[in-house]
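K.L.:
Below is coords-v2.cif; it holds mmCIF, C-alpha atoms.
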data_final
loop_
_atom_site.group_PDB
_atom_site.id
_atom_site.type_symbol
_atom_site.label_atom_id
_atom_site.label_comp_id
_atom_site.auth_asym_id
_atom_site.auth_seq_id
_atom_site.Cartn_x
_atom_site.Cartn_y
_atom_site.Cartn_z
ATOM 1 C CA MET A 1 0.000 0.000 0.000
ATOM 2 C CA GLU A 2 2.483 2.608 -1.201
ATOM 3 C CA HIS A 3 0.120 5.345 -2.348
ATOM 4 C CA TYR A 4 -3.181 6.654 -1.086
ATOM 5 C CA LYS A 5 -5.387 9.714 -1.289
ATOM 6 C CA ILE A 6 -7.096 11.384 1.652
ATOM 7 C CA HIS A 7 -10.673 12.591 1.267
ATOM 8 C CA SER A 8 -12.684 14.307 3.986
ATOM 9 C CA LEU A 9 -16.226 15.331 4.760
ATOM 10 C CA VAL A 10 -17.714 17.112 7.744
ATOM 11 C CA VAL A 11 -20.485 15.198 9.496
ATOM 12 C CA GLY A 12 -22.845 15.458 12.431
ATOM 13 C CA PRO A 13 -23.964 18.132 14.892
ATOM 14 C CA ILE A 14 -20.453 18.952 16.104
ATOM 15 C CA ALA A 15 -18.868 19.190 12.640
ATOM 16 C CA THR A 16 -16.644 16.128 12.928
ATOM 17 C CA ASN A 17 -14.101 15.391 10.218
ATOM 18 C CA CYS A 18 -14.636 11.952 8.698
ATOM 19 C CA TYR A 19 -11.775 10.800 6.498
ATOM 20 C CA ILE A 20 -11.865 8.283 3.661
ATOM 21 C CA ILE A 21 -8.516 6.856 2.615
ATOM 22 C CA GLU A 22 -8.445 5.720 -1.006
ATOM 23 C CA THR A 23 -5.608 3.220 -1.255
ATOM 24 C CA ASP A 24 -3.884 1.704 -4.267
ATOM 25 C CA GLU A 25 -4.749 -1.819 -3.116
ATOM 26 C CA ILE A 26 -7.282 -3.645 -5.294
ATOM 27 C CA ASP A 27 -10.025 -5.754 -3.729
ATOM 28 C CA PRO A 28 -10.113 -8.932 -5.852
ATOM 29 C CA ALA A 29 -13.818 -9.585 -5.226
ATOM 30 C CA SER A 30 -14.996 -6.226 -6.584
ATOM 31 C CA ASN A 31 -11.964 -5.087 -8.608
ATOM 32 C CA ARG A 32 -12.248 -1.750 -6.804
ATOM 33 C CA ARG A 33 -9.679 0.098 -4.755
ATOM 34 C CA VAL A 34 -9.731 -0.596 -1.031
ATOM 35 C CA GLY A 35 -10.897 2.188 1.257
ATOM 36 C CA ILE A 36 -10.400 2.957 4.952
ATOM 37 C CA ILE A 37 -12.829 5.101 6.952
ATOM 38 C CA ILE A 38 -11.562 7.143 9.902
ATOM 39 C CA ASP A 39 -14.045 8.524 12.474
ATOM 40 C CA PRO A 40 -17.468 8.108 10.829
ATOM 41 C CA GLY A 41 -19.203 10.382 13.311
ATOM 42 C CA ALA A 42 -22.657 10.681 11.711
ATOM 43 C CA ASP A 43 -24.456 11.047 8.376
ATOM 44 C CA ALA A 44 -23.859 7.493 7.163
ATOM 45 C CA ALA A 45 -25.759 8.178 3.932
ATOM 46 C CA ALA A 46 -23.350 10.988 3.034
ATOM 47 C CA ILE A 47 -20.344 8.808 3.822
ATOM 48 C CA ILE A 48 -21.720 5.972 1.686
ATOM 49 C CA ALA A 49 -22.418 8.391 -1.165
ATOM 50 C CA ARG A 50 -18.852 9.699 -1.087
ATOM 51 C CA ILE A 51 -17.460 6.154 -1.026
ATOM 52 C CA LYS A 52 -19.599 5.253 -4.045
ATOM 53 C CA ALA A 53 -18.441 8.348 -5.899
ATOM 54 C CA LEU A 54 -14.833 7.387 -5.229
ATOM 55 C CA LYS A 55 -15.525 3.831 -6.440
ATOM 56 C CA VAL A 56 -13.769 2.232 -3.487
ATOM 57 C CA VAL A 57 -14.788 -0.632 -1.232
ATOM 58 C CA PRO A 58 -14.215 0.064 2.467
ATOM 59 C CA GLN A 59 -12.640 -2.664 4.552
ATOM 60 C CA GLN A 60 -11.767 -0.943 7.826
ATOM 61 C CA ILE A 61 -13.165 1.667 10.195
ATOM 62 C CA LEU A 62 -10.490 3.269 12.364
ATOM 63 C CA CYS A 63 -11.604 5.133 15.486
ATOM 64 C CA THR A 64 -9.298 7.752 16.986
ATOM 65 C CA HIS A 65 -11.400 7.486 20.170
ATOM 66 C CA GLY A 66 -14.867 6.502 21.277
ATOM 67 C CA HIS A 67 -16.802 9.739 21.754
ATOM 68 C CA PHE A 68 -20.224 9.627 20.130
ATOM 69 C CA ASP A 69 -19.474 12.311 17.536
ATOM 70 C CA HIS A 70 -16.786 10.057 16.036
ATOM 71 C CA ILE A 71 -18.677 6.749 15.864
ATOM 72 C CA LEU A 72 -22.424 7.347 15.387
ATOM 73 C CA ALA A 73 -22.460 6.227 11.744
ATOM 74 C CA ILE A 74 -20.779 2.879 12.442
ATOM 75 C CA PRO A 75 -23.952 0.756 12.917
ATOM 76 C CA GLU A 76 -25.528 1.950 9.679
ATOM 77 C CA LEU A 77 -22.280 1.551 7.746
ATOM 78 C CA VAL A 78 -21.875 -2.001 9.029
ATOM 79 C CA ARG A 79 -25.461 -2.901 8.057
ATOM 80 C CA HIS A 80 -25.163 -1.333 4.623
ATOM 81 C CA TYR A 81 -21.926 -3.051 3.690
ATOM 82 C CA GLU A 82 -22.973 -6.392 5.150
ATOM 83 C CA GLU A 83 -25.873 -6.293 2.684
ATOM 84 C CA GLU A 84 -23.271 -5.800 -0.062
ATOM 85 C CA GLY A 85 -21.255 -8.744 1.216
ATOM 86 C CA VAL A 86 -18.512 -6.605 2.741
ATOM 87 C CA SER A 87 -17.377 -7.200 6.322
ATOM 88 C CA LEU A 88 -15.923 -4.101 7.949
ATOM 89 C CA THR A 89 -13.173 -4.374 10.550
ATOM 90 C CA ILE A 90 -13.829 -1.881 13.363
ATOM 91 C CA ALA A 91 -10.663 -0.864 15.198
ATOM 92 C CA ILE A 92 -10.384 1.036 18.485
ATOM 93 C CA HIS A 93 -7.903 1.165 21.342
ATOM 94 C CA ARG A 94 -8.371 -1.253 24.218
ATOM 95 C CA LEU A 95 -9.127 1.519 26.732
ATOM 96 C CA ASP A 96 -11.991 2.904 24.616
ATOM 97 C CA ARG A 97 -13.443 -0.425 23.498
ATOM 98 C CA ASP A 98 -16.527 -0.107 25.723
ATOM 99 C CA TYR A 99 -17.716 2.861 23.664
ATOM 100 C CA LEU A 100 -18.778 0.107 21.243
ATOM 101 C CA GLY A 101 -20.802 -3.037 21.800
ATOM 102 C CA SER A 102 -24.009 -3.886 23.587
ATOM 103 C CA LYS A 103 -23.235 -1.892 26.754
ATOM 104 C CA ALA A 104 -21.834 1.188 25.039
ATOM 105 C CA ILE A 105 -24.853 3.307 25.900
ATOM 106 C CA ILE A 106 -23.806 3.213 29.566
ATOM 107 C CA ARG A 107 -20.503 4.923 28.847
ATOM 108 C CA HIS A 108 -22.025 7.415 26.422
ATOM 109 C CA ARG A 109 -24.753 8.334 28.910
ATOM 110 C CA ARG A 110 -22.105 8.983 31.562
ATOM 111 C CA ASP A 111 -20.081 11.209 29.232
ATOM 112 C CA LEU A 112 -23.056 13.201 27.993
ATOM 113 C CA ALA A 113 -24.495 13.691 31.460
ATOM 114 C CA GLY A 114 -21.229 15.358 32.429
ATOM 115 C CA VAL A 115 -21.701 18.152 29.877
ATOM 116 C CA GLY A 116 -25.501 18.439 29.848
ATOM 117 C CA GLY A 117 -25.742 16.644 26.536
ATOM 118 C CA LEU A 118 -28.190 13.847 27.279
ATOM 119 C CA ALA A 119 -30.469 15.141 24.491
ATOM 120 C CA PHE A 120 -27.943 13.686 22.045
ATOM 121 C CA LEU A 121 -28.967 10.207 23.171
ATOM 122 C CA GLU A 122 -31.977 10.565 20.869
ATOM 123 C CA ARG A 123 -29.551 10.264 17.955
ATOM 124 C CA PHE A 124 -27.997 7.035 19.204
ATOM 125 C CA PRO A 125 -28.514 3.711 17.439
ATOM 126 C CA PHE A 126 -30.189 0.978 19.435
ATOM 127 C CA GLN A 127 -26.934 -0.950 19.588
ATOM 128 C CA PHE A 128 -23.361 -0.467 18.480
ATOM 129 C CA PRO A 129 -21.458 -3.409 17.019
ATOM 130 C CA GLU A 130 -18.535 -4.763 18.978
ATOM 131 C CA ALA A 131 -15.056 -3.729 17.968
ATOM 132 C CA SER A 132 -13.463 -6.406 15.813
ATOM 133 C CA ARG A 133 -9.867 -5.270 16.327
ATOM 134 C CA ILE A 134 -8.512 -3.996 19.629
ATOM 135 C CA LEU A 135 -5.532 -1.722 19.174
ATOM 136 C CA GLU A 136 -2.416 -1.143 21.230
ATOM 137 C CA GLU A 137 0.558 1.180 20.917
ATOM 138 C CA GLY A 138 2.701 0.316 17.914
ATOM 139 C CA ASP A 139 0.149 -1.785 16.042
ATOM 140 C CA ARG A 140 0.112 -1.499 12.257
ATOM 141 C CA ILE A 141 -3.192 -1.097 10.487
ATOM 142 C CA GLY A 142 -3.379 -0.261 6.808
ATOM 143 C CA PRO A 143 -0.550 2.167 6.016
ATOM 144 C CA PHE A 144 -0.519 3.533 9.560
ATOM 145 C CA ARG A 145 1.112 2.896 12.905
ATOM 146 C CA VAL A 146 -0.950 3.360 16.046
ATOM 147 C CA ILE A 147 0.336 5.825 18.648
ATOM 148 C CA HIS A 148 -1.458 5.946 21.987
ATOM 149 C CA LEU A 149 -2.382 9.540 22.911
ATOM 150 C CA PRO A 150 -4.319 9.447 26.190
ATOM 151 C CA GLY A 151 -5.753 12.611 27.686
ATOM 152 C CA HIS A 152 -8.899 13.442 25.742
ATOM 153 C CA THR A 153 -10.030 9.888 26.460
ATOM 154 C CA PRO A 154 -8.008 7.050 27.985
ATOM 155 C CA GLY A 155 -7.892 5.244 24.634
ATOM 156 C CA SER A 156 -7.327 8.133 22.250
ATOM 157 C CA VAL A 157 -4.905 7.263 19.473
ATOM 158 C CA GLY A 158 -3.285 8.765 16.437
ATOM 159 C CA TYR A 159 -2.736 7.005 13.131
ATOM 160 C CA ILE A 160 0.617 7.999 11.703
ATOM 161 C CA ASP A 161 2.509 7.382 8.491
ATOM 162 C CA GLU A 162 5.999 8.640 9.281
ATOM 163 C CA GLU A 163 7.265 8.118 5.736
ATOM 164 C CA LYS A 164 4.659 10.429 4.227
ATOM 165 C CA GLY A 165 4.444 12.763 7.227
ATOM 166 C CA VAL A 166 0.730 12.183 7.832
ATOM 167 C CA LEU A 167 -0.992 12.041 11.215
ATOM 168 C CA PHE A 168 -4.673 11.569 12.026
ATOM 169 C CA ALA A 169 -4.777 13.035 15.537
ATOM 170 C CA GLY A 170 -8.448 12.780 16.464
ATOM 171 C CA ASP A 171 -9.318 15.275 19.204
ATOM 172 C CA THR A 172 -5.848 15.424 20.744
ATOM 173 C CA LEU A 173 -4.540 18.310 18.619
ATOM 174 C CA PHE A 174 -6.354 20.852 16.446
ATOM 175 C CA ALA A 175 -5.353 23.834 14.352
ATOM 176 C CA GLY A 176 -4.958 26.363 17.151
ATOM 177 C CA GLY A 177 -6.213 24.167 19.955
ATOM 178 C CA VAL A 178 -5.962 20.958 21.940
ATOM 179 C CA GLY A 179 -8.416 18.360 23.191
ATOM 180 C CA ARG A 180 -10.681 18.973 26.154
ATOM 181 C CA THR A 181 -10.162 16.978 29.327
ATOM 182 C CA ASP A 182 -13.302 17.814 31.316
ATOM 183 C CA LEU A 183 -15.294 14.756 30.194
ATOM 184 C CA PRO A 184 -15.177 11.491 32.182
ATOM 185 C CA GLY A 185 -11.851 9.795 31.492
ATOM 186 C CA GLY A 186 -10.162 13.049 30.530
ATOM 187 C CA ASP A 187 -6.734 13.678 32.035
ATOM 188 C CA GLU A 188 -4.900 16.979 31.575
ATOM 189 C CA LEU A 189 -1.509 15.631 32.616
ATOM 190 C CA ALA A 190 -1.861 12.703 30.215
ATOM 191 C CA LEU A 191 -2.896 15.088 27.434
ATOM 192 C CA ARG A 192 0.181 17.235 28.015
ATOM 193 C CA ALA A 193 2.367 14.145 27.784
ATOM 194 C CA SER A 194 0.639 13.178 24.527
ATOM 195 C CA LEU A 195 1.156 16.683 23.129
ATOM 196 C CA ARG A 196 4.818 16.541 24.122
ATOM 197 C CA ARG A 197 5.066 13.374 22.108
ATOM 198 C CA LEU A 198 3.352 14.905 19.078
ATOM 199 C CA PHE A 199 5.495 18.028 19.190
ATOM 200 C CA SER A 200 8.589 15.834 19.000
ATOM 201 C CA LEU A 201 7.507 14.728 15.518
ATOM 202 C CA PRO A 202 9.072 16.331 12.430
ATOM 203 C CA GLY A 203 7.675 19.798 11.895
ATOM 204 C CA HIS A 204 6.478 19.035 8.362
ATOM 205 C CA THR A 205 4.067 16.368 9.653
ATOM 206 C CA THR A 206 0.559 17.202 8.419
ATOM 207 C CA VAL A 207 -2.071 16.851 11.141
ATOM 208 C CA TYR A 208 -5.597 15.815 10.181
ATOM 209 C CA SER A 209 -7.690 16.592 13.239
ATOM 210 C CA GLY A 210 -11.094 15.465 14.421
ATOM 211 C CA HIS A 211 -12.536 18.959 13.922
ATOM 212 C CA GLY A 212 -11.469 22.010 11.950
ATOM 213 C CA ASP A 213 -8.776 22.545 9.370
ATOM 214 C CA ARG A 214 -5.684 20.464 8.891
ATOM 215 C CA THR A 215 -2.451 21.880 10.245
ATOM 216 C CA ARG A 216 1.229 21.013 10.745
ATOM 217 C CA ILE A 217 3.299 20.215 13.780
ATOM 218 C CA ASP A 218 5.591 23.196 13.235
ATOM 219 C CA ARG A 219 2.571 25.527 13.208
ATOM 220 C CA GLU A 220 1.141 24.169 16.431
ATOM 221 C CA ARG A 221 4.302 24.075 18.560
ATOM 222 C CA PRO A 222 4.523 27.882 18.977
ATOM 223 C CA ARG A 223 0.732 28.296 19.168
ATOM 224 C CA GLN A 224 0.659 25.980 22.165
ATOM 225 C CA GLY A 225 3.793 27.410 23.748
ATOM 226 C CA TRP A 226 6.009 24.442 22.803
ATOM 227 C CA MET A 227 9.216 25.621 21.166
#
Here is the file; what I need is its structure written in the form of structure tokens.

P.N.:
Amino acid sequence: MEHYKIHSLVVGPIATNCYIIETDEIDPASNRRVGIIIDPGADAAAIIARIKALKVVPQQILCTHGHFDHILAIPELVRHYEEEGVSLTIAIHRLDRDYLGSKAIIRHRRDLAGVGGLAFLERFPFQFPEASRILEEGDRIGPFRVIHLPGHTPGSVGYIDEEKGVLFAGDTLFAGGVGRTDLPGGDELALRASLRRLFSLPGHTTVYSGHGDRTRIDRERPRQGWM
């Protein structure tokens, strides 16, 4: 998987960035290029439409973390592609795995209650599928290596391709901002350690965040007071 293209669309009530990776790998069953979905936070129909327009077949869903605005479209995507004979691998870090599965609503209710957001539960699917791949630091998935970035959630991760200088950072680092830590499981000291790790990356590394515009490490170091 030497080459790939990154496509994005903004989904859901909190304007989450969903990314579709169009790889150069060919799926032998469909003769279409293989796709990877990162953080399908809502609007499954729009995600499916973009995938169809790109003429790719998705094989994996990668979650940077488990907050609802990054995973809400997963159940509908799984159902849709199962009907097409495609089984999607759903990957999330071990410490965020209970944001998925039959008991996920318990964790989401706890998080949303902490910020007065219980009204969002009306948008929730009846049941989330279980994760089919549990990630740890250093795992390889597609063209990316997993880096554990706790702080925003205990199981927040980044997906990095060091060779191409590409990082999907989820809600750990934004253009001009960093992840919040006031939700259950948030940890400011852990977030600072994760940011220290990110700011040690080469400055040219392009950061694709969970919300907002893409940025670069060398732009965010001085903005956040890290020189």

K.L.:
In Å, with one decimal, what is the gap from CA of Arg216 in chain A to CA of Gly155 in chain A?

P.N.:
22.9 Å

K.L.:
Near Arg109 in chain A, counting only C-alpha atoms, which residues have an atom at most 8 Å away, once you skip same-chain residues fewer than 3 positions from it, shown as an mmCIF file with C-alpha atoms, in the coordinates of the input?

P.N.:
data_model
loop_
_atom_site.group_PDB
_atom_site.id
_atom_site.type_symbol
_atom_site.label_atom_id
_atom_site.label_comp_id
_atom_site.auth_asym_id
_atom_site.auth_seq_id
_atom_site.Cartn_x
_atom_site.Cartn_y
_atom_site.Cartn_z
ATOM 1 C CA ILE A 105 -24.853 3.307 25.900
ATOM 2 C CA ILE A 106 -23.806 3.213 29.566
ATOM 3 C CA LEU A 112 -23.056 13.201 27.993
ATOM 4 C CA ALA A 113 -24.495 13.691 31.460
ATOM 5 C CA LEU A 118 -28.190 13.847 27.279
ATOM 6 C CA LEU A 121 -28.967 10.207 23.171
#

K.L.:
Can you tell me which residues surround Arg219 in chain A at a distance of at most 10 Å, considering only C-alpha atoms, apart from same-chain residues fewer than 6 positions away, and format the answer as JSON, numbers by chain?

P.N.:
{"A": [175, 176, 203, 204, 205, 206]}

K.L.:
Would you kindly translate the PyMOL selection byres ((chain A and resi 29) around 10) into the concrete residues it picks from this file, as a list in words?

P.N.:
Ile26, Asp27, Pro28, Ser30, Asn31, Arg32, Val57, Gly85 and Val86 of chain A

K.L.:
Write out as an MDAnalysis selection string the residues lying within 8 Å of Glu136 in chain A, counting all atoms listed in the file and excluding same-chain residues fewer than 5 positions away.

P.N.:
chainID A and resid 93:94 146:148

K.L.:
List the residues selected by the PyMOL selection byres ((chain A and resi 160-162) around 7) in the file shown, writing them as a list of chain:residue names.

P.N.:
A:Pro143, A:Phe144, A:Arg145, A:Val146, A:Gly158, A:Tyr159, A:Glu163, A:Lys164, A:Gly165, A:Val166, A:Leu167, A:Phe168

K.L.:
Would you work out the distance separating CA of Ile21 in chain A from CA of Glu83 in chain A, expressed in Å to one decimal?

P.N.:
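Between CA of Ile21 in chain A and CA of Glu83 in chain A the gap works out to 21.8 Å.
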
K.L.:
Pick the closest to Gln127 in chain A from A:Gly101, A:Gly35, A:Pro154, A:Gly177: which is it, counting all atoms listed in the file?

P.N.:
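Using all atoms listed in the file, Gln127 in chain A sits closest to A:Gly101.
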
K.L.:
What does the distance between CA of Gly66 in chain A and CA of Gly212 in chain A come to in Å, to one decimal place?

P.N.:
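Taking CA of Gly66 in chain A as the start and CA of Gly212 in chain A as the end point, the length is 18.4 Å.
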
K.L.:
Taking the file above as input, evaluate the PyMOL selection byres ((chain A and resi 142) around 12) and report the hits as a PyMOL selection string.

P.N.:
chain A and resi 1-4+21-25+34-38+58-62+89+91+139-141+143-146+159-161

K.L.:
Glu188 in chain A: which residues within 8 Å, counting all atoms listed in the file, same-chain residues fewer than 3 positions away excluded, as a PyMOL selection string?

P.N.:
chain A and resi 151-152+181+191-192

K.L.:
So that I can see what lies close to His211 in chain A, please list as a ChimeraX atom specification the residues with an atom at most 8 Å from it, counting only C-alpha atoms and leaving out residues fewer than 4 positions away in the same chain.

P.N.:
/A:15-17,170-171,174

K.L.:
Rank A:Arg107, A:Ala169, A:Gly179, A:Leu88 by their smallest atom-to-atom distance to Arg214 in chain A, using all atoms listed in the file, and report the top residue only.

P.N.:
A:Ala169

K.L.:
Using only C-alpha atoms, find the one residue out of A:Pro129, A:Pro40, A:Gly185, A:Pro13 that sits nearest to Val78 in chain A.

P.N.:
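Looking at the shortest contact to Val78 in chain A, the residue is A:Pro129.
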
K.L.:
Compare A:Ile92, A:Ile71, A:Ala46, A:Val56 by their minimum atom-to-atom distance to Gly210 in chain A, counting all atoms listed in the file, and give me the closest one.

P.N.:
A:Ile71

K.L.:
From the set A:Lys5, A:Arg97, A:Arg110, A:Arg50, which residue has the shortest atom-to-atom contact distance to Arg133 in chain A, counting only C-alpha atoms?

P.N.:
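Counting only C-alpha atoms, the residue closest to Arg133 in chain A is A:Arg97.
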
K.L.:
Quick one: of A:Asp218, A:Asp111, A:Asp98, A:Asp69, who's nearest to Asp182 in chain A, counting only C-alpha atoms?

P.N.:
A:Asp111

K.L.:
Box time for range 127-137 of chain A: axis-aligned, enclosing all its listed atoms, 8 Å extra on each side; report centre and edge lengths in Å to one decimal, as AutoDock Vina command-line options.

P.N.:
--center_x -13.2 --center_y -2.6 --center_z 18.5 --size_x 43.5 --size_y 23.6 --size_z 21.4
